[in-house]
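Text of the file my_file_12.tsv, holding TSV, C-alpha atoms:
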```tsv
chain	number	residue	atom	x	y	z
R	1	MET	CA	-3.53	231.51	77.24
R	2	LYS	CA	-4.16	232.11	73.56
R	3	VAL	CA	-1.28	233.34	71.42
R	4	ALA	CA	-0.73	234.37	67.82
R	5	TYR	CA	2.69	234.27	66.23
R	6	ILE	CA	3.95	236.74	63.66
R	7	PHE	CA	6.97	235.44	61.80
R	8	SER	CA	8.60	238.66	60.80
R	9	THR	CA	12.36	238.35	61.00
R	10	GLN	CA	14.58	236.50	58.56
R	11	GLY	CA	17.25	234.00	59.44
R	12	HIS	CA	16.27	230.80	61.22
R	13	THR	CA	12.81	231.99	62.22
R	14	VAL	CA	11.04	229.23	60.32
R	15	SER	CA	13.70	226.53	60.07
R	16	TYR	CA	14.57	226.67	63.75
R	17	LYS	CA	12.03	228.48	65.93
R	18	LEU	CA	9.01	227.15	64.08
R	19	ALA	CA	10.23	223.80	62.74
R	20	LYS	CA	12.33	222.71	65.70
R	21	MET	CA	10.45	224.24	68.61
R	22	ILE	CA	6.88	225.37	68.06
R	23	LEU	CA	5.78	222.82	65.48
R	24	PRO	CA	6.96	219.66	67.26
R	25	GLN	CA	5.45	220.95	70.49
R	26	LEU	CA	2.12	221.53	68.78
R	27	GLU	CA	2.27	218.08	67.20
R	28	GLU	CA	2.90	216.57	70.64
R	29	ASP	CA	0.21	218.72	72.33
R	30	ARG	CA	2.72	220.20	74.76
R	31	HIS	CA	3.27	223.73	73.49
R	32	GLY	CA	1.84	225.23	76.65
R	33	ALA	CA	-0.35	227.83	75.02
R	34	GLU	CA	-3.25	227.66	72.61
R	35	VAL	CA	-2.07	228.97	69.25
R	36	VAL	CA	-4.92	230.67	67.39
R	37	GLY	CA	-3.01	232.12	64.47
R	38	MET	CA	0.27	232.45	62.63
R	39	PHE	CA	1.09	235.23	60.18
R	40	PHE	CA	4.11	235.10	57.90
R	41	PHE	CA	6.13	237.93	56.39
R	42	GLU	CA	8.75	238.04	53.65
R	43	ASP	CA	10.77	234.87	52.99
R	44	ASN	CA	9.00	233.14	55.86
R	45	CYS	CA	6.00	232.83	53.50
R	46	TYR	CA	7.84	230.14	51.52
R	47	VAL	CA	7.02	227.64	54.27
R	48	LEU	CA	3.37	227.88	53.20
R	49	VAL	CA	4.03	226.92	49.57
R	50	LYS	CA	2.52	223.56	48.64
R	51	GLY	CA	5.11	220.83	48.89
R	52	ASP	CA	7.21	222.39	51.59
R	53	PRO	CA	7.84	219.61	54.13
R	54	ILE	CA	7.65	221.87	57.17
R	55	GLY	CA	4.55	223.49	55.72
R	56	GLU	CA	2.93	220.08	55.21
R	57	ARG	CA	3.29	219.35	58.90
R	58	LEU	CA	2.22	222.86	59.86
R	59	ALA	CA	-0.89	222.74	57.65
R	60	ALA	CA	-1.83	219.39	59.17
R	61	VAL	CA	-1.47	220.55	62.76
R	62	ALA	CA	-3.22	223.84	61.95
R	63	LYS	CA	-6.17	221.94	60.56
R	64	ARG	CA	-6.32	219.66	63.60
R	65	LYS	CA	-6.04	222.54	66.09
R	66	ASN	CA	-8.01	225.15	64.13
R	67	ILE	CA	-5.03	227.50	63.83
R	68	LEU	CA	-5.31	230.33	61.34
R	69	LEU	CA	-2.42	230.45	58.88
R	70	MET	CA	-2.04	233.57	56.75
R	71	ALA	CA	0.73	235.00	54.60
R	72	CYS	CA	1.45	238.64	53.83
R	73	ASP	CA	-0.13	239.38	50.45
R	74	GLN	CA	2.53	241.82	49.27
R	75	CYS	CA	5.32	239.44	50.27
R	76	CYS	CA	3.68	236.59	48.35
R	77	TYR	CA	3.04	238.58	45.18
R	78	GLU	CA	6.63	239.77	45.21
R	79	ARG	CA	7.82	236.17	45.41
R	80	ASP	CA	5.23	234.90	42.91
R	81	ILE	CA	3.80	232.41	45.39
R	82	ALA	CA	0.40	233.99	46.09
R	83	GLY	CA	-1.44	231.29	44.18
R	84	LYS	CA	0.79	228.44	45.29
R	85	LEU	CA	0.03	228.17	48.99
R	86	PHE	CA	-1.50	225.22	50.80
R	87	ASP	CA	-5.25	224.90	50.32
R	88	GLY	CA	-7.15	227.10	52.71
R	89	VAL	CA	-4.19	229.35	53.51
R	90	PRO	CA	-5.15	232.90	52.54
R	91	ILE	CA	-2.96	235.86	51.79
R	92	GLY	CA	-3.79	239.14	53.43
R	93	CYS	CA	-2.76	242.21	55.30
R	94	PHE	CA	-3.49	243.49	58.81
R	95	PRO	CA	-7.23	244.08	58.24
R	96	ASP	CA	-7.58	240.50	57.03
R	97	LEU	CA	-5.61	239.15	59.96
R	98	TYR	CA	-7.63	241.07	62.54
R	99	LYS	CA	-10.89	240.08	60.92
R	100	ALA	CA	-9.88	236.44	60.78
R	101	LEU	CA	-8.93	236.45	64.45
R	102	GLU	CA	-11.83	238.49	65.80
R	103	GLY	CA	-13.89	235.38	66.55
R	104	ASN	CA	-11.05	233.77	68.47
R	105	PRO	CA	-8.69	236.55	69.53
R	106	PRO	CA	-5.29	235.89	71.10
R	107	ASP	CA	-4.33	237.16	74.54
R	108	GLN	CA	-0.78	237.76	73.36
R	109	VAL	CA	0.77	238.40	69.95
R	110	ILE	CA	4.36	237.19	69.76
R	111	THR	CA	6.59	238.50	66.99
R	112	LEU	CA	9.46	236.26	66.05
G	1	MET	CA	8.25	241.91	34.90
G	2	ALA	CA	10.57	238.99	34.61
G	3	GLN	CA	14.21	240.07	34.36
G	4	CYS	CA	15.68	236.60	34.43
G	5	GLY	CA	15.93	235.91	30.73
G	6	CYS	CA	12.77	233.82	30.55
G	7	THR	CA	10.11	234.63	27.98
G	8	ASP	CA	7.28	235.50	30.38
G	9	THR	CA	6.89	239.25	29.97
G	10	ARG	CA	3.40	239.46	31.49
G	11	LYS	CA	3.17	242.16	34.12
G	12	THR	CA	2.15	240.67	37.45
G	13	VAL	CA	0.19	242.09	40.35
G	14	TYR	CA	3.46	242.93	41.99
G	15	ASP	CA	4.72	244.75	38.88
G	16	TYR	CA	1.61	246.94	38.82
G	17	PHE	CA	1.82	247.52	42.55
G	18	ARG	CA	5.47	248.56	42.33
G	19	HIS	CA	4.68	250.81	39.39
G	20	ALA	CA	1.88	252.46	41.36
G	21	CYS	CA	4.18	253.00	44.33
G	22	CYS	CA	7.15	254.29	42.35
G	23	ARG	CA	5.63	256.63	39.82
G	24	VAL	CA	5.05	260.28	40.54
G	25	SER	CA	1.33	260.97	40.75
G	26	ARG	CA	0.00	264.11	39.20
G	27	ALA	CA	-3.16	265.81	40.35
G	28	PRO	CA	-6.07	264.18	38.55
G	29	ILE	CA	-7.97	266.33	36.13
G	30	GLY	CA	-11.33	265.19	34.91
G	31	SER	CA	-14.59	263.65	35.90
G	32	SER	CA	-14.61	261.90	39.24
G	33	GLY	CA	-16.69	258.78	39.68
G	34	ALA	CA	-18.46	257.71	42.84
G	35	LEU	CA	-16.43	256.23	45.65
G	36	VAL	CA	-17.25	252.51	45.55
G	37	HIS	CA	-17.00	250.32	48.65
G	38	GLY	CA	-16.41	246.60	48.83
G	39	ASP	CA	-17.86	244.22	51.40
G	40	ASP	CA	-14.92	244.66	53.77
G	41	GLY	CA	-14.85	248.45	53.67
G	42	ALA	CA	-12.12	248.78	51.06
G	43	SER	CA	-12.90	251.45	48.50
G	44	ALA	CA	-11.84	252.76	45.13
G	45	GLN	CA	-12.58	255.80	43.02
G	46	PHE	CA	-11.54	256.65	39.48
G	47	VAL	CA	-11.09	259.99	37.80
G	48	LEU	CA	-11.31	259.99	34.01
G	49	GLU	CA	-10.10	262.56	31.54
G	50	VAL	CA	-12.37	262.34	28.53
G	51	ILE	CA	-12.18	264.12	25.20
G	52	GLY	CA	-15.17	263.44	23.01
G	53	ALA	CA	-16.02	259.83	23.76
G	54	ARG	CA	-12.45	258.77	24.34
G	55	ILE	CA	-10.66	258.37	27.66
G	56	THR	CA	-7.39	260.24	27.46
G	57	GLY	CA	-6.28	259.57	31.00
G	58	ALA	CA	-7.35	257.61	34.06
G	59	SER	CA	-6.29	257.95	37.66
G	60	TYR	CA	-7.63	256.52	40.87
G	61	ALA	CA	-7.51	256.51	44.65
G	62	CYS	CA	-8.10	253.34	46.58
G	63	SER	CA	-7.62	251.63	49.91
G	64	SER	CA	-4.21	250.37	50.90
G	65	CYS	CA	-4.44	246.82	49.62
G	66	VAL	CA	-1.75	245.49	47.31
G	67	THR	CA	-4.21	243.55	45.15
G	68	LEU	CA	-6.61	246.46	44.80
G	69	ILE	CA	-3.86	248.97	44.04
G	70	ALA	CA	-2.41	246.69	41.37
G	71	LEU	CA	-5.77	246.05	39.73
G	72	CYS	CA	-6.71	249.74	39.74
G	73	GLU	CA	-3.32	250.53	38.24
G	74	HIS	CA	-3.85	247.94	35.55
G	75	LEU	CA	-7.38	249.16	34.84
G	76	ALA	CA	-6.18	252.75	34.56
G	77	GLU	CA	-3.61	251.58	32.04
G	78	LEU	CA	-6.22	249.60	30.10
G	79	ALA	CA	-8.79	252.41	30.11
G	80	ALA	CA	-6.47	255.15	28.90
G	81	GLY	CA	-6.88	255.61	25.15
G	82	LYS	CA	-10.04	253.54	24.97
G	83	ALA	CA	-13.44	254.70	23.79
G	84	MET	CA	-15.78	254.97	26.78
G	85	GLU	CA	-18.00	252.29	25.28
G	86	ASP	CA	-15.05	249.89	25.09
G	87	ALA	CA	-14.00	250.71	28.65
G	88	ARG	CA	-17.48	249.78	29.87
G	89	ARG	CA	-16.88	246.29	28.52
G	90	LEU	CA	-13.90	245.66	30.81
G	91	GLU	CA	-14.96	242.78	33.03
G	92	PRO	CA	-13.66	241.56	36.40
G	93	ALA	CA	-13.32	238.06	35.00
G	94	ALA	CA	-11.13	239.31	32.15
G	95	LEU	CA	-8.95	241.18	34.61
G	96	LEU	CA	-8.57	238.06	36.72
G	97	ARG	CA	-7.63	236.01	33.68
G	98	MET	CA	-4.73	238.40	33.19
G	99	HIS	CA	-3.69	237.80	36.80
G	100	PRO	CA	-3.92	234.10	37.58
G	101	GLU	CA	-1.61	234.70	40.53
G	102	ILE	CA	-4.48	236.27	42.49
G	103	PRO	CA	-5.85	233.63	44.87
G	104	PRO	CA	-9.60	233.19	45.39
G	105	SER	CA	-9.56	235.06	48.69
G	106	LYS	CA	-8.55	238.27	46.88
G	107	GLN	CA	-10.48	237.96	43.63
G	108	ASP	CA	-13.26	240.23	44.90
G	109	ARG	CA	-10.81	243.11	44.46
G	110	ALA	CA	-11.30	242.84	40.69
G	111	LEU	CA	-15.00	243.42	41.14
G	112	LEU	CA	-14.39	246.49	43.27
G	113	ALA	CA	-11.83	247.94	40.85
G	114	VAL	CA	-14.10	247.43	37.83
G	115	ALA	CA	-17.12	248.79	39.72
G	116	ALA	CA	-15.15	251.93	40.52
G	117	LEU	CA	-14.14	252.37	36.89
G	118	ARG	CA	-17.72	251.86	35.75
G	119	ALA	CA	-18.92	254.40	38.31
G	120	ALA	CA	-16.60	256.95	36.75
G	121	LEU	CA	-17.94	256.07	33.32
G	122	GLU	CA	-21.47	256.74	34.52
G	123	LYS	CA	-22.78	259.93	36.03
G	124	PRO	CA	-20.19	261.06	38.58
G	125	GLY	CA	-21.13	261.56	42.20
G	126	ARG	CA	-23.52	258.64	42.58
G	127	PRO	CA	-22.81	256.56	45.66
G	128	GLY	CA	-21.58	253.14	44.68
G	129	THR	CA	-21.34	249.77	46.33
G	130	CYS	CA	-20.39	246.38	45.10
G	131	SER	CA	-20.86	242.97	46.58
G	132	THR	CA	-18.67	239.94	46.20
G	133	GLU	CA	-21.87	238.05	45.47
G	134	GLU	CA	-21.87	239.71	42.06
G	135	LEU	CA	-18.54	238.10	41.27
G	136	LYS	CA	-20.08	234.67	41.57
G	137	THR	CA	-22.63	235.30	38.83
```

This entry written out as structure tokens:
Amino acid sequence: MKVAYIFSTQGHTVSYKLAKMILPQLEEDRHGAEVVGMFFFEDNCYVLVKGDPIGERLAAVAKRKNILLMACDQCCYERDIAGKLFDGVPIGCFPDLYKALEGNPPDQVITL
Amino acid sequence: MAQCGCTDTRKTVYDYFRHACCRVSRAPIGSSGALVHGDDGASAQFVLEVIGARITGASYACSSCVTLIALCEHLAELAAGKAMEDARRLEPAALLRMHPEIPPSKQDRALLAVAALRAALEKPGRPGTCSTEELKT
């Protein structure tokens, strides 16, 4: 099964659900589903800023597994991080996300 | 705009976007340019109020994209008060230099915004298109 994650809520969405559950499982090839994309909203976008240690690991595993990473453009401009993301990580909105995933669409979209 | 006490008073993409969202729009009066489409289907159209050879007001309608809205807002601000000849010289590259925060994946929005302004400066009603290929030249 192919899945895409949308990190929408605040709190421990990135520090716990992504960093302590999804990411280690992906690194160990035992997540149980093929992740084709991850989209980040609001403060969750900070994980994609160059230098973030969780983001470093995420960018590496995304490159190895061909996982699309994308951050909400409006969220990034508001936080002045639009030009500071890991190389190859675009900003965008829903049309960009759908277009990026159309060649490898998920079966399920999971909002966290 | 920075409110933190630092000296950077440059208006960012987000400042222009917020301004566009918060201000009260009035019905545009003037000469409407062609609706210009970008490669991905996004579009923009300017309406210019011109007295003599001077632009006295500029308004626009565009697709719902934060980068495009901000750049159209900025262009409208830049165009207002300018002679039409000077407005024609506004370049996408110059607009992007004012907004280094725009990443490469969204820089084609500057081309679309400027193409829409130029369409309004030319004969209105002509169909317009722009290609991101032009940005690379």

List every residue of chain R that has an atom at most 7 Å from any atom of chain G, giving for each one its closest atom pair and the distance in Å to one decimal, counting only C-alpha atoms, sorted by chain and then by ascending residue number, as CSV.
```
residue,atom,partner,partner_atom,distance
R:Gln74,CA,G:Val66,CA,6.0
R:Tyr77,CA,G:Tyr14,CA,5.4
R:Glu78,CA,G:Tyr14,CA,5.5
R:Ala82,CA,G:Glu101,CA,6.0
R:Gly83,CA,G:Glu101,CA,5.0
R:Pro90,CA,G:Ser105,CA,6.2
```

Residue neighbourhood G:Gln107, 10 Å, all atoms listed in the file, exclusion window fewer than 6 positions, as a short mmCIF file (atom, residue, chain, number, x, y, z; two decimals) with C-alpha atoms, keeping the file's coordinate frame:
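Written file, part-v5.cif:
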```
data_model
loop_
_atom_site.label_atom_id
_atom_site.label_comp_id
_atom_site.auth_asym_id
_atom_site.auth_seq_id
_atom_site.Cartn_x
_atom_site.Cartn_y
_atom_site.Cartn_z
CA THR G 67 -4.21 243.55 45.15
CA LEU G 68 -6.61 246.46 44.80
CA PRO G 92 -13.66 241.56 36.40
CA ALA G 93 -13.32 238.06 35.00
CA LEU G 95 -8.95 241.18 34.61
CA LEU G 96 -8.57 238.06 36.72
CA HIS G 99 -3.69 237.80 36.80
CA PRO G 100 -3.92 234.10 37.58
CA GLU G 101 -1.61 234.70 40.53
CA THR G 132 -18.67 239.94 46.20
CA LEU G 135 -18.54 238.10 41.27
#
```

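Taking atom CA of G:Leu71 and atom CA of G:Val114 as endpoints, the distance between them is 8.7 Å.
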
Completion exercise
note - atom CA of G:Leu90 and atom CA of R:Arg79 are separated by 27.8 Å

Practice task
May I have the protein, DNA and RNA residues with any atom at most 7 Å from the point (-1.0, 232.9, 77.3), counting only C-alpha atoms, written as JSON, numbers by chain?
Solution key: {"R": [1, 2, 3, 33, 107, 108]}

Problem - Residues within 10 Å of R:Leu26, all atoms listed in the file, excluding chain neighbours under 4 positions, as a PyMOL selection string - result: chain R and resi 21-22+30-35+58+61-62+65

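Across the structure, atom CA of G:Gly81 and atom CA of G:Arg54 are spaced 6.5 Å apart.
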
Handout entry: Residues near R:Gly88, cut-off 12 Å, all atoms listed in the file, skip fewer than 6 positions along chain, as a PyMOL selection string
Key = (chain R and resi 48-50+59-60+62-63+66-71) or (chain G and resi 103-105)

Generate a file of the selected residues that holds C-alpha atoms, formatted as a CSV table (one decimal), in the coordinates of the input.
```csv
chain,number,residue,atom,x,y,z
R,48,LEU,CA,3.4,227.9,53.2
R,49,VAL,CA,4.0,226.9,49.6
R,50,LYS,CA,2.5,223.6,48.6
R,59,ALA,CA,-0.9,222.7,57.6
R,60,ALA,CA,-1.8,219.4,59.2
R,62,ALA,CA,-3.2,223.8,62.0
R,63,LYS,CA,-6.2,221.9,60.6
R,66,ASN,CA,-8.0,225.2,64.1
R,67,ILE,CA,-5.0,227.5,63.8
R,68,LEU,CA,-5.3,230.3,61.3
R,69,LEU,CA,-2.4,230.4,58.9
R,70,MET,CA,-2.0,233.6,56.8
R,71,ALA,CA,0.7,235.0,54.6
G,103,PRO,CA,-5.8,233.6,44.9
G,104,PRO,CA,-9.6,233.2,45.4
G,105,SER,CA,-9.6,235.1,48.7
```

Exercise for the section: Show which residues sit within 7 Å of stretch 82-88 of chain G, as a VMD selection string. Count all atoms listed in the file, and ignore same-chain residues fewer than 2 positions away. Expected result: chain G and resid 53 to 55 79 to 80 90 118 121

Practice task
Kindly provide, as an MDAnalysis selection string, the polymer residues lying within 12 Å of (-12.8, 251.5, 41.1), counting all atoms listed in the file and using the coordinates exactly as they appear in the file.
Solution key: chainID G and resid 32:38 42:48 58:63 68:76 79 90 92 108:121 128:130

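Distances to R:Asp43 were evaluated for R:Tyr16, R:Tyr98, R:Phe86, R:Phe7 using only C-alpha atoms, and the minimum falls at R:Phe7.
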
With N, CA and C atoms as the goal, would you fill in the gaps in stretch 7-22 of chain G and present it as a PDB file, keeping the file's coordinate frame?
```pdb
ATOM      1  N   THR G   7      10.918 233.962  29.001  1.00  0.00           N
ATOM      2  CA  THR G   7      10.110 234.630  27.980  1.00  0.00           C
ATOM      3  C   THR G   7       8.805 235.198  28.530  1.00  0.00           C
ATOM      4  N   ASP G   8       8.528 235.006  29.803  1.00  0.00           N
ATOM      5  CA  ASP G   8       7.280 235.500  30.380  1.00  0.00           C
ATOM      6  C   ASP G   8       7.413 236.992  30.655  1.00  0.00           C
ATOM      7  N   THR G   9       6.784 237.803  29.808  1.00  0.00           N
ATOM      8  CA  THR G   9       6.890 239.250  29.970  1.00  0.00           C
ATOM      9  C   THR G   9       5.587 239.845  30.509  1.00  0.00           C
ATOM     10  N   ARG G  10       4.664 238.988  30.926  1.00  0.00           N
ATOM     11  CA  ARG G  10       3.400 239.460  31.490  1.00  0.00           C
ATOM     12  C   ARG G  10       3.682 240.254  32.773  1.00  0.00           C
ATOM     13  N   LYS G  11       3.000 241.378  32.902  1.00  0.00           N
ATOM     14  CA  LYS G  11       3.170 242.160  34.120  1.00  0.00           C
ATOM     15  C   LYS G  11       2.285 241.578  35.214  1.00  0.00           C
ATOM     16  N   THR G  12       2.867 241.321  36.349  1.00  0.00           N
ATOM     17  CA  THR G  12       2.150 240.670  37.450  1.00  0.00           C
ATOM     18  C   THR G  12       1.520 241.715  38.364  1.00  0.00           C
ATOM     19  N   VAL G  13       0.752 241.221  39.321  1.00  0.00           N
ATOM     20  CA  VAL G  13       0.190 242.090  40.350  1.00  0.00           C
ATOM     21  C   VAL G  13       1.292 242.891  41.014  1.00  0.00           C
ATOM     22  N   TYR G  14       2.382 242.229  41.291  1.00  0.00           N
ATOM     23  CA  TYR G  14       3.460 242.930  41.990  1.00  0.00           C
ATOM     24  C   TYR G  14       4.095 244.004  41.098  1.00  0.00           C
ATOM     25  N   ASP G  15       4.194 243.729  39.802  1.00  0.00           N
ATOM     26  CA  ASP G  15       4.720 244.750  38.880  1.00  0.00           C
ATOM     27  C   ASP G  15       3.843 245.997  38.899  1.00  0.00           C
ATOM     28  N   TYR G  16       2.523 245.784  38.811  1.00  0.00           N
ATOM     29  CA  TYR G  16       1.610 246.940  38.820  1.00  0.00           C
ATOM     30  C   TYR G  16       1.648 247.666  40.155  1.00  0.00           C
ATOM     31  N   PHE G  17       1.749 246.898  41.230  1.00  0.00           N
ATOM     32  CA  PHE G  17       1.820 247.520  42.550  1.00  0.00           C
ATOM     33  C   PHE G  17       3.080 248.373  42.678  1.00  0.00           C
ATOM     34  N   ARG G  18       4.201 247.822  42.245  1.00  0.00           N
ATOM     35  CA  ARG G  18       5.470 248.560  42.330  1.00  0.00           C
ATOM     36  C   ARG G  18       5.393 249.817  41.462  1.00  0.00           C
ATOM     37  N   HIS G  19       4.798 249.659  40.282  1.00  0.00           N
ATOM     38  CA  HIS G  19       4.680 250.810  39.390  1.00  0.00           C
ATOM     39  C   HIS G  19       3.840 251.910  40.047  1.00  0.00           C
ATOM     40  N   ALA G  20       2.747 251.488  40.687  1.00  0.00           N
ATOM     41  CA  ALA G  20       1.880 252.460  41.360  1.00  0.00           C
ATOM     42  C   ALA G  20       2.620 253.168  42.488  1.00  0.00           C
ATOM     43  N   CYS G  21       3.463 252.416  43.187  1.00  0.00           N
ATOM     44  CA  CYS G  21       4.180 253.000  44.330  1.00  0.00           C
ATOM     45  C   CYS G  21       5.319 253.911  43.881  1.00  0.00           C
ATOM     46  N   CYS G  22       5.918 253.588  42.750  1.00  0.00           N
ATOM     47  CA  CYS G  22       7.150 254.290  42.350  1.00  0.00           C
ATOM     48  C   CYS G  22       6.901 255.511  41.472  1.00  0.00           C
TER      49      CYS G  22
END
```
